[in-house]
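*Asks:* Below is one structure. I have some questions about it.
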2 protein chains.
Amino acid sequence: MPTQLTSASDGIVTPAMEGAARAEGLAPETVRAEVAAGRAVLPANPAHAALQPLAVGRAFRTKVNANIGRSTEASSQDEELKKLAVALRAGADAVMDLSVGPDLAALRMAMLRACPRPFGTVPIYEALSRAGSSGADDAFDPDVLMAVIAEQAAQGVDFMTLHAGLLREHVPLAAARLLGIVSRGGSILAEWMVNNGRENPLYARWDEVMDICLRHDVTVSLGDGLRPGCLADASDAAQFAELEVLGRLVRRCRERGVQVMVEGPGHIPFDQIRMNMEKEREICDGAPFYVLGPVVTDIAPGYDHITSCIGATAAAFHGASLLCYVTPAEHLGLPTLDEVRTGVVAYRIAAHAADVARGLPGAREADDAMARARLDFDWERQFALALDGEWARCRYRATAAPGVTDHCSMCGREFCAMRTSKRIMTRLGKR
Amino acid sequence: MPTQLTSASDGIVTPAMEGAARAEGLAPETVRAEVAAGRAVLPANPAHAALQPLAVGRAFRTKVNANIGRSTEASSQDEELKKLAVALRAGADAVMDLSVGPDLAALRMAMLRACPRPFGTVPIYEALSRAGSSGADDAFDPDVLMAVIAEQAAQGVDFMTLHAGLLREHVPLAAARLLGIVSRGGSILAEWMVNNGRENPLYARWDEVMDICLRHDVTVSLGDGLRPGCLADASDAAQFAELEVLGRLVRRCRERGVQVMVEGPGHIPFDQIRMNMEKEREICDGAPFYVLGPVVTDIAPGYDHITSCIGATAAAFHGASLLCYVTPAEHLGLPTLDEVRTGVVAYRIAAHAADVARGLPGAREADDAMARARLDFDWERQFALALDGEWARCRYRATAAPGVTDHCSMCGREFCAMRTSKRIMTRLGKR
């Protein structure tokens, strides 16, 4: 069966490409060309019937992914379906279900039906979940992982995080770090390799993985199992050794006609973000970069949507195409519904700010319209243009004088610079 | 009377320099040299008895200012004194009282007594407030402004925003903008100039201003009356025409022995921040840059602490020394107590992230300690290191299983990468 990549390479514009082009106001040919070049992916599993496709790549709007999913100790199916709805309503462009525990297939099917956006998973979570909650340190079984990948692909998952670049030889590099391995999937594979003295099964059996992905047009999201978990571990030998392997795997995906993007850090000081983005582009031959934050300081638990939003803006400005949100709950617990919403909005800010900064055509139109609405004291127009207009309206009304619309409570009427400025403009005939 | 600048130029290390040096763990001579060179200011009005001095400049930790103050329509003296306490408790390095309305001197005295940090004002607000709430468009009186500056200086105000660089010839440039003038002080002066056909009185009477500042060692904060109020107006002719004048005023301050810093934008796209910082440094001969944000997109009312934190991090990385916070209420109303706290914490994140990124000695120690505390599951140590530990503890406890300390609810015990990573480290003899 053709994938979006093989079709694009054959010069064919698919309905998914047309849909993704419409969503951006671009020509379908642009989407085709970007996908063909491997600079964009169009995660669109044909079995995901509810999908309205979106393209991920530098030629397009920067996209935001929201991670949801229950842990073994918190939340439930109902709660996670609510989080999906909240994330979509807040404007998430993609959603990943990171659930662990029992009955994952049923939850995933419910999510796939409710999700019109590209939907991703990390199959190793289900593979380990099937081993039960025995607490055994080595319950992971590579054969189960392969089965899970195939089953999830058949269900309609659009993209999957696969930590295939973390090799046995990398583990000592990671163990020498301050924080070791902070990727769940990465740590599971690393422990299995250490305990069994064998190579990463995803890497060793990559051709099998490719067969499955090709059959269902699953987009591979090459996981960064060795992403740094603190500033001290950023841009180190472990991180970049894995990245070299990811670059090789990008080429193997493309050779097989499988769409591929690459996952990136994590925890990175602000000054190292540009270098990280450029390095990925070079080593991975321009494959779309999908980053988690990065957070730019480790000392702000409770505010990591902010610390990471700073890094995400710089990352998207310098090269990333898909931003995985970080919520205020990061490092402290599983996010609540409200934290999911906050995380998505924060990341839409980062994505949009970067799109404006990199000169994406049309990106600044909404900002200019907002400025005009501010000058006009057209509050409803401001709320309509706002990334979270409902919240903005609510906050405005909380301190606005009843019935007043020609200023706000911040400066009051006499000290409102906008009112004064309009009088000056009128007097000088500029308005 | 000597100012910190004249003392520094004479090779004298003052007690204020010693105090500021202690606060940073630096040699007093470093503070003296930076102040003497004009690269740092030490706002320390001798009449501000409660002050524990702090230096503002690139050789030091990036500082955070919190604006408080009632508007004509919201808040009260008591409420604003509470905001002062909240801002200080959250870690603000400086506070400005922007109050307007009646009885400002009494409120300011109460604040000065309660504030051990450099305390600033915008005297034109009081000058206009004394004209009463007549709503008259042209109630501003330059003589009253001069009297207010002198009275506030005598009271103990450490630094004052003076919009002396906005000249009559600049007003048409600003009137041609999308949003005109968004600075309250700037718009008042511009309207007065247009209505009276005269030059900016602060500029015209700068020598008088200098006399007052010299007498009380008030640090001048040159206001940017023409800071852009939307992305469309960023880095435009009006903004940079004013900046040229600010550069000249910096030199006039230094010639008189008056300490001076320069205020900057505002609303700036992410890609223009570096250029703005470099331009200020060049035109203003390295005078400390004190920026408001900048916000990097106009479309996120309700979240402008985040949009501006992104810009503030880039600004502090590329050249700013003092960051004026923006709260979540910006563009919508006067901030509440909780929004003041959130704004300060967000800006401490920006300041710290920038200090780490620019390699300020010792800046990353707290981050590394946090990483070690995470590996050790030492939650109390994490909260002690956190920029807002009280909030982090509260959020952690909200979803942590009772009595459990060796993982959090995000991943649960079996899927905790930190637990797995520690087992690997132990097995490989790295721990």
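All residue names refer to the structure tokens as shown: chains lettered A, B, ... in order, residues numbered from 1 in each chain, ligands numbered from 1 in order.
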Can you pull out the residues contacting Ala175 in chain B? Cut-off 8 Å, using only C-alpha atoms, and skip same-chain residues under 5 positions away; I want them as a list in words.

*Replies:*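 Answer for this query is Ser421, Ile424, Met425, Leu428 and Lys430 of chain A; Gly180 and Ile181 of chain B.
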
*Asks:* What's around Glu80 in chain B at 8 Å? Count only C-alpha atoms, leave out sequence neighbours fewer than 4 positions away in its own chain, and write the answer as a ChimeraX atom specification.

*Replies:* /B:68-70,75-76,84

*Asks:* Name the closest residue to Ser183 in chain A among the candidates A:Cys411, A:Ala312, A:Val218, A:Val122; distances are taken between atoms, counting only C-alpha atoms.

*Replies:*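 When distances to Ser183 in chain A are compared using only C-alpha atoms, the smallest one comes from A:Val122.
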
*Asks:* Going by DSSP on the backbone, which residues of range 74-249 of chain B come out as strand (DSSP E or B)? List them as JSON, numbers by chain.

*Replies:* {"B": [94, 95, 96, 97, 119, 120, 121, 159, 160, 161, 162, 219, 220, 221, 222]}

*Asks:* Among range 140-338 of chain A, which ones does DSSP place in alpha helix (DSSP H), written as number ranges by chain?

*Replies:* A: 142-155, 171-175, 184-196, 201-204, 206-216, 237-256, 273-283, 304-318, 337-338

*Asks:* Find the spatial neighbours of Ala398 in chain A, counting only C-alpha atoms, within a cut-off of 12 Å - ignore same-chain residues fewer than 3 positions away - and output them as JSON, numbers by chain.

*Replies:* {"A": [391, 392, 393, 394, 395, 401, 402, 408, 409, 410], "B": [74, 302, 329, 332, 333, 334, 335, 336]}

*Asks:* Would you mind exporting the chosen residues as a PDB file, in the first residue's frame, restricted to C-alpha atoms?

*Replies:*
ATOM      1  CA  TRP A 391     -10.336  33.179  29.605  1.00  0.00           C
ATOM      2  CA  ALA A 392      -9.457  36.705  28.435  1.00  0.00           C
ATOM      3  CA  ARG A 393     -13.123  37.754  28.565  1.00  0.00           C
ATOM      4  CA  CYS A 394     -13.524  36.280  32.011  1.00  0.00           C
ATOM      5  CA  ARG A 395     -10.414  38.065  33.303  1.00  0.00           C
ATOM      6  CA  ALA A 401     -16.237  48.706  35.695  1.00  0.00           C
ATOM      7  CA  PRO A 402     -19.789  47.623  34.708  1.00  0.00           C
ATOM      8  CA  CYS A 408      -9.777  49.055  31.366  1.00  0.00           C
ATOM      9  CA  SER A 409      -9.116  49.012  35.100  1.00  0.00           C
ATOM     10  CA  MET A 410      -5.346  48.924  34.664  1.00  0.00           C
TER      11      MET A 410
ATOM     12  CA  ALA B  74      -9.295  49.871  41.137  1.00  0.00           C
ATOM     13  CA  GLY B 302      -4.636  36.598  29.835  1.00  0.00           C
ATOM     14  CA  ALA B 329      -3.723  40.769  33.742  1.00  0.00           C
ATOM     15  CA  LEU B 332      -7.151  43.397  30.619  1.00  0.00           C
ATOM     16  CA  GLY B 333      -7.039  45.078  34.009  1.00  0.00           C
ATOM     17  CA  LEU B 334      -5.121  45.909  37.152  1.00  0.00           C
ATOM     18  CA  PRO B 335      -3.386  42.798  38.542  1.00  0.00           C
ATOM     19  CA  THR B 336      -4.630  41.036  41.641  1.00  0.00           C
TER      20      THR B 336
END

*Asks:* Would you list the contacts of range 201-211 of chain A as a ChimeraX atom specification, taking every protein, DNA or RNA residue within 9 Å and counting only C-alpha atoms, but skipping same-chain residues closer than 4 positions in sequence?

*Replies:* /A:142-143,145-146,149-150,162-167,189,193,215-216,220,249,252-253,256-258

*Asks:* Keeping only C-alpha atoms, write the selected residues as a compact mmCIF listing (two decimals), in the first residue's frame.

*Replies:*
# COMPACT_ATOMS: atom_id res chain seq x y z
CA PRO A 142 10.50 -7.62 22.63
CA ASP A 143 8.02 -9.98 20.93
CA LEU A 145 6.43 -4.97 21.69
CA MET A 146 6.35 -6.02 18.04
CA ILE A 149 3.16 -2.01 17.33
CA ALA A 150 1.26 -4.08 14.78
CA LEU A 162 10.00 4.35 18.85
CA HIS A 163 13.22 4.61 20.84
CA ALA A 164 15.28 2.70 18.28
CA GLY A 165 18.38 4.88 18.41
CA LEU A 166 19.36 4.15 22.00
CA LEU A 167 21.98 1.45 21.58
CA LEU A 189 14.99 -0.49 26.87
CA MET A 193 19.84 -4.28 27.26
CA ARG A 215 1.57 -1.42 5.77
CA HIS A 216 -0.42 1.15 7.81
CA VAL A 220 7.75 6.99 12.83
CA LEU A 249 17.37 5.50 11.01
CA ARG A 252 16.38 3.74 6.57
CA CYS A 253 12.79 4.95 6.98
CA ARG A 256 11.49 2.07 2.82
CA GLY A 257 8.97 4.84 2.05
CA VAL A 258 8.07 5.30 5.73

*Asks:* How far is it from CA of Leu178 in chain B to CA of Asp233 in chain B, in Å with one decimal?

*Replies:*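 Taking CA of Leu178 in chain B as the start and CA of Asp233 in chain B as the end point, the length is 6.5 Å.
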
*Asks:* May I have the residues within 7 Å of Ala87 in chain A as a PyMOL selection string, using only C-alpha atoms and disregarding those fewer than 6 positions away in the same chain?

*Replies:* chain A and resi 66+340-341+344

*Asks:* Just want the 7 Å neighbourhood of Val250 in chain B, counted on only C-alpha atoms, with same-chain residues fewer than 3 positions away dropped. Output as a PyMOL selection string.

*Replies:* chain B and resi 246-247+253-254+260+284

*Asks:* Write the selection just made, keeping N, CA, C and O atoms, as an mmCIF file, in the first residue's frame?

*Replies:*
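What landed in again00.cif:
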data_model
loop_
_atom_site.group_PDB
_atom_site.id
_atom_site.type_symbol
_atom_site.label_atom_id
_atom_site.label_comp_id
_atom_site.auth_asym_id
_atom_site.auth_seq_id
_atom_site.Cartn_x
_atom_site.Cartn_y
_atom_site.Cartn_z
ATOM 1 N N LEU B 246 17.739 59.272 23.947
ATOM 2 C CA LEU B 246 18.066 58.644 25.232
ATOM 3 C C LEU B 246 19.582 58.464 25.362
ATOM 4 O O LEU B 246 20.149 58.658 26.442
ATOM 5 N N GLY B 247 20.215 58.097 24.250
ATOM 6 C CA GLY B 247 21.676 57.959 24.261
ATOM 7 C C GLY B 247 22.359 59.274 24.647
ATOM 8 O O GLY B 247 23.311 59.290 25.433
ATOM 9 N N CYS B 253 23.587 62.659 31.828
ATOM 10 C CA CYS B 253 23.514 62.175 33.216
ATOM 11 C C CYS B 253 24.915 61.898 33.749
ATOM 12 O O CYS B 253 25.288 62.332 34.837
ATOM 13 N N ARG B 254 25.665 61.163 32.969
ATOM 14 C CA ARG B 254 27.002 60.768 33.436
ATOM 15 C C ARG B 254 27.893 61.986 33.661
ATOM 16 O O ARG B 254 28.661 62.022 34.631
ATOM 17 N N VAL B 260 22.308 56.390 35.663
ATOM 18 C CA VAL B 260 21.275 56.319 34.640
ATOM 19 C C VAL B 260 21.162 54.919 34.042
ATOM 20 O O VAL B 260 22.156 54.242 33.810
ATOM 21 N N CYS B 284 23.460 53.782 23.703
ATOM 22 C CA CYS B 284 23.463 54.283 25.081
ATOM 23 C C CYS B 284 24.747 53.925 25.816
ATOM 24 O O CYS B 284 24.793 53.938 27.045
#

*Asks:* Tell me which of B:Ser99, B:Thr161, B:Ser321, B:Gln259 sits closest to chain A, counting only C-alpha atoms.

*Replies:*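 Using only C-alpha atoms, chain A sits closest to B:Ser99.
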
*Asks:* Go ahead and compute the interatomic distance for CA of Arg227 in chain B and CA of His267 in chain B, in Å to one decimal.

*Replies:*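 According to the coordinates, CA of Arg227 in chain B and CA of His267 in chain B are separated by 7.7 Å.
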
*Asks:* With distances taken over only C-alpha atoms, which of B:Ile310, B:Leu322, B:Val41, B:Ala238 is nearest to Asp93 in chain B?

*Replies:*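 So, comparing all the options, the nearest one is B:Leu322.
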
*Asks:* With only C-alpha atoms as the basis for distance, which of A:Ala287, A:Leu26, A:Ala16, A:Ala300 is at the shortest distance from Gly362 in chain A?

*Replies:*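 So, comparing all the options, the nearest one is A:Leu26.
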